[in-house]
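Okay, structure-v1.cif is below, mmCIF, C-alpha atoms:
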```
data_data
loop_
_atom_site.label_atom_id
_atom_site.label_comp_id
_atom_site.auth_asym_id
_atom_site.auth_seq_id
_atom_site.Cartn_x
_atom_site.Cartn_y
_atom_site.Cartn_z
CA MET A 1 6.27 -26.73 -21.84
CA ILE A 2 9.42 -25.65 -19.98
CA LEU A 3 9.22 -24.20 -16.47
CA TYR A 4 11.77 -21.45 -15.93
CA PRO A 5 12.43 -20.67 -12.23
CA ALA A 6 13.23 -16.98 -11.92
CA ILE A 7 16.05 -15.21 -10.13
CA ASP A 8 15.52 -11.46 -10.07
CA LEU A 9 18.63 -9.58 -9.00
CA LYS A 10 18.62 -6.29 -7.08
CA ASP A 11 21.73 -4.99 -5.32
CA GLY A 12 23.35 -8.43 -5.62
CA GLN A 13 20.47 -10.21 -3.90
CA CYS A 14 17.74 -12.53 -5.12
CA VAL A 15 14.44 -10.63 -4.77
CA ARG A 16 10.89 -10.48 -6.06
CA LEU A 17 9.04 -7.28 -6.84
CA TYR A 18 5.32 -6.60 -6.52
CA LYS A 19 3.89 -5.49 -9.89
CA GLY A 20 7.29 -4.24 -10.99
CA ALA A 21 7.78 -1.71 -8.18
CA MET A 22 11.46 -1.53 -7.13
CA GLU A 23 10.48 -0.11 -3.74
CA GLN A 24 8.36 -3.20 -3.11
CA ALA A 25 11.12 -5.78 -3.21
CA THR A 26 11.22 -8.84 -0.98
CA VAL A 27 14.66 -10.40 -0.48
CA PHE A 28 14.55 -14.19 -0.72
CA ASN A 29 18.23 -15.09 -0.85
CA ASP A 30 21.49 -13.21 -0.26
CA ASP A 31 23.34 -15.76 -2.40
CA PRO A 32 21.91 -15.91 -5.96
CA ALA A 33 24.38 -18.63 -7.01
CA ALA A 34 23.20 -20.87 -4.17
CA GLN A 35 19.61 -20.23 -5.26
CA ALA A 36 20.48 -21.19 -8.83
CA LYS A 37 22.14 -24.38 -7.61
CA ALA A 38 19.03 -25.24 -5.57
CA PHE A 39 16.87 -24.86 -8.69
CA ALA A 40 19.31 -26.96 -10.74
CA ASP A 41 19.41 -29.66 -8.06
CA GLN A 42 15.60 -29.87 -8.21
CA GLY A 43 15.73 -30.58 -11.93
CA ALA A 44 15.30 -27.18 -13.59
CA GLU A 45 16.04 -27.33 -17.32
CA TRP A 46 16.55 -23.57 -17.64
CA ILE A 47 16.94 -20.63 -15.24
CA HIS A 48 15.53 -17.16 -15.96
CA LEU A 49 17.65 -14.25 -14.71
CA VAL A 50 16.76 -10.56 -14.52
CA ASP A 51 19.13 -7.71 -13.68
CA LEU A 52 16.54 -5.36 -12.17
CA ASN A 53 18.99 -2.55 -11.47
CA GLY A 54 20.33 -2.96 -14.99
CA ALA A 55 16.88 -2.53 -16.50
CA PHE A 56 16.70 0.95 -14.98
CA ALA A 57 20.35 1.85 -15.51
CA GLY A 58 20.46 0.69 -19.13
CA LYS A 59 23.62 -1.32 -18.51
CA PRO A 60 24.59 -4.43 -16.49
CA VAL A 61 24.64 -3.74 -12.74
CA ASN A 62 24.43 -7.22 -11.17
CA ALA A 63 27.11 -8.72 -13.42
CA GLY A 64 29.01 -10.23 -10.50
CA ALA A 65 25.97 -12.17 -9.30
CA VAL A 66 25.17 -13.38 -12.83
CA GLU A 67 28.75 -14.50 -13.43
CA SER A 68 28.73 -16.38 -10.12
CA ILE A 69 25.55 -18.19 -11.19
CA LEU A 70 27.07 -19.11 -14.57
CA LYS A 71 30.13 -20.57 -12.82
CA THR A 72 28.02 -22.52 -10.33
CA VAL A 73 25.44 -24.25 -12.55
CA SER A 74 25.60 -25.99 -15.91
CA VAL A 75 21.88 -25.46 -16.53
CA PRO A 76 21.32 -23.02 -19.43
CA CYS A 77 20.44 -19.51 -18.28
CA GLN A 78 18.73 -16.60 -20.00
CA LEU A 79 19.17 -12.99 -18.85
CA GLY A 80 17.29 -9.75 -19.32
CA GLY A 81 17.83 -6.25 -17.95
CA GLY A 82 20.19 -3.56 -19.16
CA ILE A 83 21.26 -5.32 -22.37
CA ARG A 84 21.06 -2.55 -24.94
CA ASP A 85 24.06 -2.80 -27.28
CA MET A 86 25.92 -5.39 -29.31
CA ALA A 87 29.01 -5.29 -27.11
CA THR A 88 26.98 -6.25 -24.01
CA ILE A 89 25.23 -9.04 -25.92
CA GLU A 90 28.56 -10.44 -27.12
CA ALA A 91 30.10 -10.16 -23.66
CA TRP A 92 27.31 -12.06 -21.94
CA LEU A 93 27.16 -14.85 -24.50
CA SER A 94 30.95 -15.24 -24.34
CA LYS A 95 30.67 -15.76 -20.56
CA GLY A 96 28.41 -18.75 -21.01
CA LEU A 97 24.95 -17.23 -20.97
CA ARG A 98 22.74 -19.29 -23.28
CA ARG A 99 20.29 -16.55 -24.24
CA VAL A 100 19.97 -12.77 -23.89
CA ILE A 101 16.60 -11.07 -23.56
CA LEU A 102 16.20 -7.70 -25.27
CA GLY A 103 13.33 -5.60 -23.97
CA THR A 104 13.66 -1.82 -24.14
CA VAL A 105 15.78 -1.92 -27.30
CA ALA A 106 13.14 -4.04 -29.04
CA VAL A 107 11.00 -0.89 -28.99
CA GLU A 108 13.70 1.77 -29.29
CA ASN A 109 16.18 0.04 -31.62
CA PRO A 110 14.59 -2.96 -33.37
CA ALA A 111 17.50 -3.05 -35.83
CA LEU A 112 19.76 -4.15 -32.98
CA VAL A 113 17.47 -7.10 -32.26
CA ARG A 114 17.67 -8.15 -35.89
CA GLU A 115 21.45 -7.74 -36.01
CA ALA A 116 21.90 -9.74 -32.81
CA ALA A 117 19.53 -12.51 -33.91
CA ARG A 118 21.48 -12.87 -37.15
CA ALA A 119 24.83 -12.89 -35.36
CA PHE A 120 23.76 -15.29 -32.61
CA PRO A 121 21.09 -17.67 -33.96
CA GLY A 122 18.88 -19.17 -31.25
CA GLN A 123 20.42 -17.00 -28.53
CA VAL A 124 18.36 -13.82 -28.70
CA ALA A 125 14.89 -13.45 -27.18
CA VAL A 126 12.60 -10.44 -27.05
CA GLY A 127 11.09 -9.44 -23.72
CA ILE A 128 7.67 -7.86 -24.07
CA ASP A 129 6.36 -6.40 -20.83
CA ALA A 130 2.88 -4.91 -20.89
CA ARG A 131 0.07 -3.22 -19.01
CA GLN A 132 -3.39 -3.51 -20.60
CA GLY A 133 -1.86 -4.72 -23.85
CA ARG A 134 0.60 -1.81 -24.20
CA VAL A 135 4.36 -2.30 -24.01
CA ALA A 136 6.33 -0.79 -21.10
CA THR A 137 10.09 -0.17 -21.23
CA LYS A 138 13.04 0.88 -19.02
CA GLY A 139 12.31 -1.48 -16.15
CA TRP A 140 8.55 -1.02 -16.72
CA ALA A 141 8.88 2.64 -15.72
CA GLU A 142 7.82 4.03 -19.10
CA GLU A 143 4.66 3.03 -20.95
CA THR A 144 4.40 3.28 -24.72
CA ASP A 145 1.59 3.24 -27.27
CA VAL A 146 3.05 0.10 -28.87
CA MET A 147 0.69 -2.87 -28.76
CA VAL A 148 2.06 -6.26 -27.71
CA THR A 149 0.93 -8.16 -30.81
CA ASP A 150 2.27 -5.48 -33.18
CA LEU A 151 5.71 -5.61 -31.56
CA ALA A 152 5.81 -9.42 -31.65
CA ARG A 153 4.81 -9.56 -35.31
CA ALA A 154 7.48 -7.02 -36.19
CA PHE A 155 10.12 -9.67 -35.42
CA GLU A 156 8.44 -12.58 -37.23
CA ASP A 157 11.21 -12.75 -39.83
CA ALA A 158 14.12 -11.80 -37.57
CA GLY A 159 15.10 -15.25 -36.28
CA VAL A 160 14.25 -14.43 -32.66
CA ALA A 161 14.41 -17.54 -30.45
CA ALA A 162 11.51 -16.65 -28.15
CA ILE A 163 9.26 -13.94 -26.80
CA ILE A 164 9.02 -13.60 -23.03
CA TYR A 165 5.64 -12.00 -22.39
CA THR A 166 5.07 -10.45 -18.96
CA ASP A 167 1.77 -9.08 -17.74
CA ILE A 168 3.17 -6.47 -15.31
CA ASP A 169 -0.01 -6.21 -13.25
CA ARG A 170 0.19 -9.94 -12.52
CA ASP A 171 3.91 -10.07 -11.75
CA GLY A 172 4.66 -10.98 -8.15
CA ALA A 173 0.99 -10.55 -7.25
CA MET A 174 0.21 -14.28 -6.92
CA GLN A 175 -3.06 -13.74 -8.80
CA GLY A 176 -2.49 -16.20 -11.62
CA PRO A 177 -1.18 -15.49 -15.12
CA ASN A 178 -3.14 -13.72 -17.84
CA VAL A 179 -3.84 -16.96 -19.70
CA GLU A 180 -6.14 -15.37 -22.26
CA ALA A 181 -3.73 -12.61 -23.34
CA THR A 182 -0.74 -14.95 -23.34
CA ALA A 183 -2.54 -17.56 -25.42
CA ALA A 184 -3.75 -14.90 -27.84
CA LEU A 185 -0.18 -13.67 -28.35
CA ALA A 186 1.08 -17.22 -28.91
CA ARG A 187 -1.57 -17.73 -31.58
CA ALA A 188 -0.79 -14.39 -33.22
CA THR A 189 2.92 -15.05 -33.81
CA SER A 190 5.06 -17.91 -35.05
CA ILE A 191 7.78 -17.04 -32.50
CA PRO A 192 7.72 -19.33 -29.41
CA VAL A 193 6.10 -17.54 -26.45
CA ILE A 194 7.12 -17.93 -22.79
CA ALA A 195 4.58 -16.77 -20.21
CA SER A 196 5.67 -14.62 -17.28
CA GLY A 197 3.88 -12.89 -14.43
CA GLY A 198 1.48 -14.32 -11.88
CA VAL A 199 2.24 -18.05 -12.15
CA SER A 200 1.46 -19.01 -8.56
CA SER A 201 0.36 -22.64 -8.55
CA LEU A 202 0.46 -25.93 -10.37
CA ALA A 203 -3.07 -25.17 -11.59
CA ASP A 204 -1.77 -22.00 -13.28
CA LEU A 205 0.87 -23.98 -15.15
CA ILE A 206 -1.67 -26.57 -16.24
CA ALA A 207 -4.02 -23.78 -17.41
CA LEU A 208 -1.26 -22.33 -19.57
CA ARG A 209 -0.28 -25.75 -20.91
CA ASP A 210 -3.88 -26.63 -21.73
CA SER A 211 -4.82 -23.22 -23.17
CA GLY A 212 -4.77 -24.60 -26.68
CA ALA A 213 -2.03 -22.17 -27.67
CA PRO A 214 1.51 -23.33 -28.57
CA LEU A 215 3.23 -21.95 -25.46
CA ASP A 216 6.93 -22.77 -25.18
CA GLY A 217 7.21 -22.28 -21.42
CA ALA A 218 6.35 -20.37 -18.27
CA ILE A 219 8.38 -18.42 -15.72
CA SER A 220 7.68 -18.54 -12.00
CA GLY A 221 9.39 -16.77 -9.13
CA ARG A 222 7.55 -15.81 -5.96
CA ALA A 223 5.44 -18.98 -5.85
CA LEU A 224 8.62 -21.08 -5.75
CA TYR A 225 10.11 -18.98 -2.96
CA ASP A 226 6.89 -18.90 -0.95
CA GLY A 227 6.50 -22.68 -1.26
CA LYS A 228 3.16 -22.43 -3.07
CA LEU A 229 4.70 -24.20 -6.06
CA ASP A 230 7.05 -27.17 -5.70
CA LEU A 231 9.57 -27.08 -8.55
CA ALA A 232 10.20 -30.84 -8.74
CA GLU A 233 6.48 -31.60 -8.60
CA ALA A 234 5.70 -29.00 -11.25
CA LEU A 235 8.42 -30.27 -13.57
CA ALA A 236 7.08 -33.81 -13.23
CA ALA A 237 3.51 -32.67 -13.90
CA LEU A 238 4.48 -30.79 -17.04
CA LYS A 239 6.25 -33.88 -18.38
CA ALA A 240 3.27 -36.12 -17.69
#
```

Starting from the file, give its structure as structure tokens.
Amino acid sequence: MILYPAIDLKDGQCVRLYKGAMEQATVFNDDPAAQAKAFADQGAEWIHLVDLNGAFAGKPVNAGAVESILKTVSVPCQLGGGIRDMATIEAWLSKGLRRVILGTVAVENPALVREAARAFPGQVAVGIDARQGRVATKGWAEETDVMVTDLARAFEDAGVAAIIYTDIDRDGAMQGPNVEATAALARATSIPVIASGGVSSLADLIALRDSGAPLDGAISGRALYDGKLDLAEALAALKA
């Protein structure tokens, strides 16, 4: 199971939100590229990036910060937030991003996800963010009646590289991940699932790993910044 340290970008800074609320942002680093380098130096195999402003705006907003990260580290990076058309997907992948994450458009324009997955095999993931099992879009600001499992299964045959599943109510709250819901989703689809939201300790990572479900990875942010999770130690534990 891969551990993805997270860099959430707001106004060019590295922040963490509390349960997805933009007004509840804590700044952890003014230099996102330096943060990415620190994660890479500690052994990170991947880095998870989110353009928070972009998720609301529907277009890239923190492009400068992302490009700086891509120039600074050789570790593969995946990015979500504000990626809603083919031109943006192509632009990011041409700049060295390893994988784009499509969230809002997975609900509003599933044909784009299929087109992108065909055009860029292994480089397109679907971000499914949910409250009480229902998908939320547009930076988590709008809730839909779409159920998580139904959306995941809709892309079974699309060639999607991964599903990043976020339990919004756990995100940034340091309350542990929703292991049960994440494991259930991983069992319900053949697409690799990456857990996100609430991973706050080594015990949380072990619980996900040992859930019995075929989880591909887990994302952690605040716990790494707060020092409650040591990246090098966690990476070693997951390899053991």

Quick one: apply the PyMOL selection byres ((chain A and resi 11) around 10) to the file and drop the selected residues here as a PDB file with C-alpha atoms, in the frame of the given file.
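The new file part_30.pdb reads:
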```
ATOM      1  CA  LEU A   9      18.630  -9.580  -9.000  1.00  0.00           C
ATOM      2  CA  LYS A  10      18.620  -6.290  -7.080  1.00  0.00           C
ATOM      3  CA  GLY A  12      23.350  -8.430  -5.620  1.00  0.00           C
ATOM      4  CA  GLN A  13      20.470 -10.210  -3.900  1.00  0.00           C
ATOM      5  CA  CYS A  14      17.740 -12.530  -5.120  1.00  0.00           C
ATOM      6  CA  VAL A  15      14.440 -10.630  -4.770  1.00  0.00           C
ATOM      7  CA  ASP A  30      21.490 -13.210  -0.260  1.00  0.00           C
ATOM      8  CA  ASP A  51      19.130  -7.710 -13.680  1.00  0.00           C
ATOM      9  CA  LEU A  52      16.540  -5.360 -12.170  1.00  0.00           C
ATOM     10  CA  ASN A  53      18.990  -2.550 -11.470  1.00  0.00           C
ATOM     11  CA  GLY A  54      20.330  -2.960 -14.990  1.00  0.00           C
ATOM     12  CA  VAL A  61      24.640  -3.740 -12.740  1.00  0.00           C
ATOM     13  CA  ASN A  62      24.430  -7.220 -11.170  1.00  0.00           C
ATOM     14  CA  ALA A  65      25.970 -12.170  -9.300  1.00  0.00           C
TER      15      ALA A  65
END
```

Can you work out which one of A:Val179, A:Val75, A:Leu151, A:Val107 has the shortest atom-to-atom distance to Gln42 of chain A, counting all atoms listed in the file? A:Val75

Looking at all atoms listed in the file, which of A:Gly103, A:Gly64, A:Gly133, A:Pro177 is the one that sits closest to Ala33 of chain A?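 Closest to Ala33 of chain A, using all atoms listed in the file: A:Gly64.
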
Nearest to Gln132 of chain A: which of A:Thr104, A:Thr144, A:Asn109, A:Ser196 is it, counting all atoms listed in the file?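 Between A:Thr104, A:Thr144, A:Asn109, A:Ser196, the residue approaching Gln132 of chain A most closely is A:Thr144.
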
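For the pair atom CA of Arg131 of chain A and atom CA of Leu3 of chain A, the interatomic distance is 23.0 Å.
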
Run the PyMOL selection byres ((chain A and resi 203-205) around 9) against the file shown and list the residues it catches, as a VMD selection string. chain A and resid 3 176 to 177 179 198 to 202 206 to 210 218 234 238

The PyMOL selection byres ((chain A and resi 86) around 12) on the file shown: which residues, as a PyMOL selection string? chain A and resi 59+82-85+87-93+100+102+105+109+111-120+124

Write the residues you've just listed into a file as an mmCIF file, keeping the file's coordinate frame, and include C-alpha atoms for each of them.
```cif
data_model
loop_
_atom_site.group_PDB
_atom_site.id
_atom_site.type_symbol
_atom_site.label_atom_id
_atom_site.label_comp_id
_atom_site.auth_asym_id
_atom_site.auth_seq_id
_atom_site.Cartn_x
_atom_site.Cartn_y
_atom_site.Cartn_z
ATOM 1 C CA LYS A 59 23.620 -1.320 -18.510
ATOM 2 C CA GLY A 82 20.190 -3.560 -19.160
ATOM 3 C CA ILE A 83 21.260 -5.320 -22.370
ATOM 4 C CA ARG A 84 21.060 -2.550 -24.940
ATOM 5 C CA ASP A 85 24.060 -2.800 -27.280
ATOM 6 C CA ALA A 87 29.010 -5.290 -27.110
ATOM 7 C CA THR A 88 26.980 -6.250 -24.010
ATOM 8 C CA ILE A 89 25.230 -9.040 -25.920
ATOM 9 C CA GLU A 90 28.560 -10.440 -27.120
ATOM 10 C CA ALA A 91 30.100 -10.160 -23.660
ATOM 11 C CA TRP A 92 27.310 -12.060 -21.940
ATOM 12 C CA LEU A 93 27.160 -14.850 -24.500
ATOM 13 C CA VAL A 100 19.970 -12.770 -23.890
ATOM 14 C CA LEU A 102 16.200 -7.700 -25.270
ATOM 15 C CA VAL A 105 15.780 -1.920 -27.300
ATOM 16 C CA ASN A 109 16.180 0.040 -31.620
ATOM 17 C CA ALA A 111 17.500 -3.050 -35.830
ATOM 18 C CA LEU A 112 19.760 -4.150 -32.980
ATOM 19 C CA VAL A 113 17.470 -7.100 -32.260
ATOM 20 C CA ARG A 114 17.670 -8.150 -35.890
ATOM 21 C CA GLU A 115 21.450 -7.740 -36.010
ATOM 22 C CA ALA A 116 21.900 -9.740 -32.810
ATOM 23 C CA ALA A 117 19.530 -12.510 -33.910
ATOM 24 C CA ARG A 118 21.480 -12.870 -37.150
ATOM 25 C CA ALA A 119 24.830 -12.890 -35.360
ATOM 26 C CA PHE A 120 23.760 -15.290 -32.610
ATOM 27 C CA VAL A 124 18.360 -13.820 -28.700
#
```

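The residue that comes closest to Leu49 of chain A, out of A:Ser190, A:Thr149, A:Thr26, A:Gln35 and on the basis of only C-alpha atoms, is A:Gln35.
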
Skip Pro214 of chain A itself and residues of its chain fewer than 4 positions away, then list as a list in words all residues within 10 Å of it, counting only C-alpha atoms. Met1, Ala183, Ala184, Leu185, Ala186, Arg187, Thr189, Ser190, Ile191, Pro192, Val193, Ile194, Leu208, Arg209 and Asp210 of chain A

Please write out, as lines of an AutoDock Vina configuration file, where the centre of an axis-aligned box around all listed atoms of segment 3-22 of chain A lies and how long its edges are, in Å to one decimal, after adding 3 Å on each side.
```
center_x = 13.6
center_y = -12.9
center_z = -10.2
size_x = 25.5
size_y = 28.7
size_z = 18.6
```

May I have the residues within 10 Å of Ala6 of chain A as a compact mmCIF listing (two decimals) with C-alpha atoms, in the coordinates of the input, using all atoms listed in the file and disregarding those fewer than 5 positions away in the same chain?
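result-v2.txt written:
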```txt
# COMPACT_ATOMS: atom_id res chain seq x y z
CA CYS A 14 17.74 -12.53 -5.12
CA VAL A 15 14.44 -10.63 -4.77
CA ARG A 16 10.89 -10.48 -6.06
CA GLN A 35 19.61 -20.23 -5.26
CA ALA A 36 20.48 -21.19 -8.83
CA PHE A 39 16.87 -24.86 -8.69
CA TRP A 46 16.55 -23.57 -17.64
CA ILE A 47 16.94 -20.63 -15.24
CA HIS A 48 15.53 -17.16 -15.96
CA LEU A 49 17.65 -14.25 -14.71
CA VAL A 50 16.76 -10.56 -14.52
CA CYS A 77 20.44 -19.51 -18.28
CA GLN A 78 18.73 -16.60 -20.00
CA LEU A 79 19.17 -12.99 -18.85
CA SER A 196 5.67 -14.62 -17.28
CA ALA A 218 6.35 -20.37 -18.27
CA ILE A 219 8.38 -18.42 -15.72
CA SER A 220 7.68 -18.54 -12.00
CA GLY A 221 9.39 -16.77 -9.13
CA ARG A 222 7.55 -15.81 -5.96
CA LEU A 224 8.62 -21.08 -5.75
CA TYR A 225 10.11 -18.98 -2.96
```

Nearest to Ile69 of chain A among A:Ile168, A:Ala240, A:Ala232, A:Ile7, with distances taken over all atoms listed in the file: which residue is it?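 Residue with the minimum atom-to-atom distance to Ile69 of chain A: A:Ile7.
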
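Atom CA of Pro60 of chain A sits 25.2 Å away from atom CA of Val148 of chain A.
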
Measuring between all atoms listed in the file, which one of A:Ala213, A:Ala57, A:Leu97, A:Ala125 shows the shortest distance to Thr137 of chain A?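 Of the candidates, the smallest distance to Thr137 of chain A is held by A:Ala57.
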
Calculate how many Å separate atom CA of Glu108 of chain A from atom CA of Pro76 of chain A, rounding to one decimal. 27.7 Å

Set the distance at 12 Å and use only C-alpha atoms: which residues neighbour Gly20 of chain A once local chain neighbours fewer than 2 positions away are removed? I'd like the list as a VMD selection string. chain A and resid 8 15 to 18 22 to 26 50 52 to 53 55 to 56 129 to 131 136 to 142 166 to 173 197 to 198
